[in-house]
>>> print(open('query34.cif').read())   # mmCIF, C-alpha atoms
data_coords
loop_
_atom_site.label_atom_id
_atom_site.label_comp_id
_atom_site.auth_asym_id
_atom_site.auth_seq_id
_atom_site.Cartn_x
_atom_site.Cartn_y
_atom_site.Cartn_z
CA MET B 1 72.34 95.33 104.22
CA PHE B 2 74.21 93.50 106.97
CA VAL B 3 77.87 94.50 107.37
CA ARG B 4 79.98 91.37 107.67
CA VAL B 5 83.79 91.27 107.90
CA VAL B 6 85.48 87.87 107.78
CA ASN B 7 89.00 86.46 107.77
CA HIS B 8 90.73 86.24 104.40
CA ASP B 9 89.49 83.37 102.25
CA PRO B 10 91.99 81.92 99.75
CA ARG B 11 89.06 81.11 97.43
CA TRP B 12 88.64 84.82 96.72
CA GLU B 13 91.48 84.76 94.19
CA ARG B 14 89.80 81.90 92.32
CA ASP B 15 86.46 83.75 92.47
CA PHE B 16 88.18 86.80 90.99
CA GLN B 17 89.78 84.78 88.18
CA GLU B 18 86.47 83.15 87.26
CA GLU B 19 84.57 86.44 87.16
CA ALA B 20 87.44 88.23 85.40
CA GLN B 21 87.20 85.69 82.59
CA ARG B 22 83.50 86.48 82.15
CA ILE B 23 84.33 90.19 82.02
CA ARG B 24 87.08 89.55 79.45
CA GLU B 25 84.51 87.78 77.28
CA ILE B 26 82.10 90.71 77.54
CA LEU B 27 84.59 93.53 76.93
CA GLY B 28 86.78 91.75 74.37
CA ASN B 29 89.26 94.09 72.68
CA GLU B 30 88.02 97.07 74.70
CA LEU B 31 89.72 95.58 77.78
CA ILE B 32 93.41 96.30 78.34
CA ASN B 33 93.76 94.55 81.70
CA ILE B 34 91.73 93.60 84.76
CA PHE B 35 92.98 93.75 88.34
CA HIS B 36 91.82 92.23 91.61
CA ILE B 37 91.67 95.18 94.02
CA GLY B 38 90.24 95.93 97.43
CA SER B 39 90.56 93.95 100.62
CA THR B 40 89.81 90.53 99.12
CA ALA B 41 92.94 90.96 96.98
CA VAL B 42 95.19 91.16 100.05
CA GLU B 43 96.13 87.84 101.63
CA GLY B 44 95.70 87.94 105.40
CA LEU B 45 93.40 90.99 105.44
CA LYS B 46 89.96 90.76 107.00
CA ALA B 47 87.33 91.87 104.50
CA LYS B 48 83.73 92.06 103.54
CA PRO B 49 83.42 89.03 101.22
CA ILE B 50 82.92 91.13 98.07
CA ILE B 51 85.31 90.73 95.14
CA ASP B 52 86.40 94.12 93.78
CA MET B 53 87.62 94.16 90.20
CA MET B 54 89.14 96.99 88.17
CA PRO B 55 88.97 96.61 84.41
CA VAL B 56 91.17 99.10 82.57
CA VAL B 57 89.72 99.88 79.15
CA ASN B 58 90.58 101.79 76.00
CA ASP B 59 87.49 104.05 76.02
CA ILE B 60 85.35 104.33 79.16
CA SER B 61 82.31 105.55 77.22
CA ARG B 62 82.24 102.30 75.24
CA VAL B 63 81.73 100.32 78.46
CA ASP B 64 78.16 101.63 78.41
CA ASP B 65 77.60 99.65 75.20
CA TYR B 66 78.04 96.42 77.19
CA SER B 67 75.48 97.19 79.91
CA ALA B 68 73.02 94.52 78.72
CA GLN B 69 75.71 91.83 78.91
CA PHE B 70 76.60 92.89 82.46
CA VAL B 71 72.93 92.83 83.45
CA ALA B 72 72.64 89.31 81.96
CA LEU B 73 75.57 88.32 84.20
CA GLY B 74 73.66 89.59 87.24
CA TYR B 75 75.11 93.08 87.64
CA GLU B 76 73.35 96.35 88.36
CA VAL B 77 74.59 99.16 86.12
CA MET B 78 75.35 102.15 88.36
CA GLY B 79 77.13 104.61 86.02
CA GLU B 80 79.87 106.75 87.57
CA LEU B 81 78.30 106.63 91.06
CA GLY B 82 80.23 109.62 92.39
CA ILE B 83 83.59 109.08 90.69
CA PRO B 84 83.90 110.92 87.35
CA GLY B 85 85.29 108.69 84.62
CA ARG B 86 84.38 105.44 86.36
CA ARG B 87 81.80 102.84 85.40
CA TYR B 88 80.55 100.97 88.46
CA PHE B 89 78.62 97.70 88.50
CA ARG B 90 77.54 95.61 91.47
CA LYS B 91 76.31 92.04 91.68
CA GLY B 92 74.28 90.28 94.34
CA GLY B 93 71.93 92.97 95.64
CA ASP B 94 71.89 93.09 99.46
CA ASN B 95 74.17 90.03 99.49
CA ARG B 96 76.69 91.63 97.16
CA THR B 97 79.35 89.30 95.80
CA HIS B 98 81.22 91.40 93.20
CA GLN B 99 81.88 95.03 92.32
CA ILE B 100 83.39 96.36 89.11
CA HIS B 101 85.21 99.70 89.02
CA ALA B 102 86.12 100.29 85.35
CA PHE B 103 88.46 103.10 84.34
CA GLN B 104 89.92 104.34 81.07
CA PHE B 105 93.64 103.58 80.69
CA ASP B 106 94.69 107.22 81.05
CA ASN B 107 92.90 107.75 84.37
CA PHE B 108 96.21 107.39 86.17
CA ARG B 109 95.02 108.85 89.48
CA ASP B 110 92.23 106.36 90.12
CA ILE B 111 94.03 103.35 88.68
CA GLU B 112 97.20 104.09 90.63
CA ARG B 113 95.49 104.70 93.97
CA HIS B 114 93.64 101.38 93.83
CA LEU B 115 96.76 99.41 92.91
CA ALA B 116 99.00 101.34 95.32
CA VAL B 117 96.71 100.67 98.30
CA ARG B 118 96.44 96.98 97.43
CA ASP B 119 100.20 96.59 97.06
CA TYR B 120 100.93 98.68 100.15
CA LEU B 121 98.69 96.47 102.28
CA ARG B 122 100.33 93.36 100.81
CA ALA B 123 103.76 94.71 101.77
CA HIS B 124 102.99 96.21 105.21
CA GLU B 125 101.80 93.62 107.71
CA THR B 126 101.33 96.08 110.58
CA VAL B 127 99.06 98.36 108.54
CA ARG B 128 97.21 95.32 107.17
CA GLU B 129 96.55 94.05 110.72
CA GLU B 130 95.50 97.47 111.98
CA TYR B 131 93.12 97.96 109.06
CA GLY B 132 91.62 94.49 109.44
CA CYS B 133 91.01 95.04 113.16
CA LEU B 134 89.43 98.43 112.48
CA LYS B 135 87.06 96.91 109.90
CA ALA B 136 86.09 94.05 112.20
CA ARG B 137 85.43 96.45 115.08
CA LEU B 138 83.34 98.75 112.87
CA ALA B 139 81.33 95.80 111.53
CA GLU B 140 80.49 94.85 115.13
CA THR B 141 79.60 98.45 115.99
CA PHE B 142 77.55 99.12 112.83
CA PRO B 143 76.18 95.69 111.77
CA THR B 144 73.24 97.20 109.88
CA ASP B 145 74.65 100.64 109.05
CA ILE B 146 76.94 100.57 106.01
CA ASP B 147 77.29 104.37 106.15
CA GLY B 148 78.46 104.25 109.78
CA TYR B 149 80.87 101.46 108.89
CA SER B 150 82.25 103.42 105.91
CA ASP B 151 82.45 106.71 107.81
CA GLY B 152 84.41 104.97 110.56
CA LYS B 153 87.07 103.94 108.05
CA ASP B 154 87.33 107.24 106.18
CA SER B 155 90.22 108.92 108.01
CA PHE B 156 92.24 105.69 108.25
CA VAL B 157 91.72 104.95 104.53
CA ALA B 158 92.61 108.52 103.50
CA ALA B 159 95.88 108.43 105.46
CA MET B 160 96.67 104.93 104.20
CA GLU B 161 96.00 105.94 100.59
CA GLU B 162 98.35 108.91 100.92
CA ALA B 163 101.07 106.71 102.43
CA ALA B 164 100.50 104.05 99.77
CA ILE B 165 100.86 106.46 96.87
CA LYS B 166 104.03 107.93 98.36
CA TRP B 167 105.40 104.41 98.98
CA ASN B 168 104.52 103.44 95.41
CA TYR B 169 106.57 106.34 94.03
CA GLU B 170 109.47 105.51 96.34
CA MET B 171 109.45 101.91 95.05
CA ARG B 172 109.89 103.17 91.47
CA VAL B 173 113.15 105.06 92.08
#
>>> encode(input="query34.cif", output="structure tokens")
Amino acid sequence: MFVRVVNHDPRWERDFQEEAQRIREILGNELINIFHIGSTAVEGLKAKPIIDMMPVVNDISRVDDYSAQFVALGYEVMGELGIPGRRYFRKGGDNRTHQIHAFQFDNFRDIERHLAVRDYLRAHETVREEYGCLKARLAETFPTDIDGYSDGKDSFVAAMEEAAIKWNYEMRV
């Protein structure tokens, strides 16, 4: 897999909306809401051109019942893939285009951290710029090593997530 980081593309929001509609049709009444998350959801942020989506569902175990429909839509069914309570799907193989991170409505920790980071990056231009530059630099350094790219972001992302969750709580009071 080639690691590619590009400037923000305004078409990503449209791509999210189109794919979100397909997911709504699959999940029906099981779906509570679906969110555009990750770097492609943040205007002005450099990103790998992969649309991350977070469906929030009534019962996470029922998502497994829809695996065949996701496969028909071009997704690989990956189960929890390291995050208990998640259902992860990816589309596009080595040229991945979409990722689904589904959580049950009461998984507050995982839902909140994804939304908090997205909203924090939307609200903090300096952090957004720093993160985008880091990702671009890592993509140049590790063009064929997704693990090296990811490892290079780990400490920045962990600190940003902590700051984002704190900021999110401060915004509520």
>>> resolve_selection(input="query34.cif", expression="the PyMOL selection byres ((chain B and resi 13) around 12)", output="VMD selection string")
chain B and resid 8 to 12 14 to 20 35 to 43 49 to 53
>>> residues_around(input="query34.cif", residues="range 149-155 of chain B", least_positions_apart="2", cutoff="9 Å", atoms="only C-alpha atoms", output="list in words")
Val3, Tyr131, Leu134, Lys135, Leu138, Ala139, Thr141, Phe142, Pro143, Thr144, Asp145, Ile146, Asp147, Val157, Ala158, Ala159 and Met160 of chain B
>>> atom_distance(input="query34.cif", atom1="CA of Gly79 in chain B", atom2="CA of Gln99 in chain B")
12.4 Å
>>> atom_distance(input="query34.cif", atom1="CA of Val6 in chain B", atom2="CA of Lys48 in chain B")
6.2 Å
>>> atom_distance(input="query34.cif", atom1="CA of Arg128 in chain B", atom2="CA of His101 in chain B")
22.2 Å
>>> closest_residue(input="query34.cif", among="B:Ala136, B:Val117, B:Ile32, B:Val56", to="Phe103 in chain B", atoms="all atoms listed in the file")
B:Val56
>>> residues_around(input="query34.cif", residues="Asn7 in chain B", least_positions_apart="3", cutoff="8 Å", atoms="all atoms listed in the file", output="list in words")
Gly44, Leu45, Lys46 and Ala47 of chain B
>>> residues_around(input="query34.cif", residues="Ala72 in chain B", least_positions_apart="4", cutoff="12 Å", atoms="all atoms listed in the file", output="list of chain:residue names")
B:Arg22, B:Ile23, B:Ile26, B:Tyr66, B:Ser67, B:Ala68, B:Glu76, B:Val77, B:Lys91
>>> closest_residue(input="query34.cif", among="B:Trp167, B:Val173, B:Arg137, B:Arg122", to="Arg4 in chain B", atoms="only C-alpha atoms")
B:Arg137
>>> closest_residue(input="query34.cif", among="B:Glu161, B:Asp110, B:Glu25, B:Asp94", to="Gln69 in chain B", atoms="all atoms listed in the file")
B:Glu25
>>> residues_near_point(input="query34.cif", point="(99.0, 100.2, 111.0)", cutoff="12 Å", atoms="all atoms listed in the file", output="VMD selection string")
chain B and resid 120 to 121 123 to 134 156 to 157 159 to 160 163 to 164
>>> residues_around(input="query34.cif", residues="Asp64 in chain B", least_positions_apart="4", cutoff="12 Å", atoms="only C-alpha atoms", output="PyMOL selection string")
chain B and resi 26-27+30+57+59-60+68-71+77-80+85-89+102-103
>>> closest_residue(input="query34.cif", among="B:Gly93, B:Ile111, B:Met1, B:Ser61", to="Ile34 in chain B", atoms="only C-alpha atoms")
B:Ile111
>>> closest_residue(input="query34.cif", among="B:Met54, B:Ala116, B:Ile83, B:Leu73", to="Glu162 in chain B", atoms="only C-alpha atoms")
B:Ala116
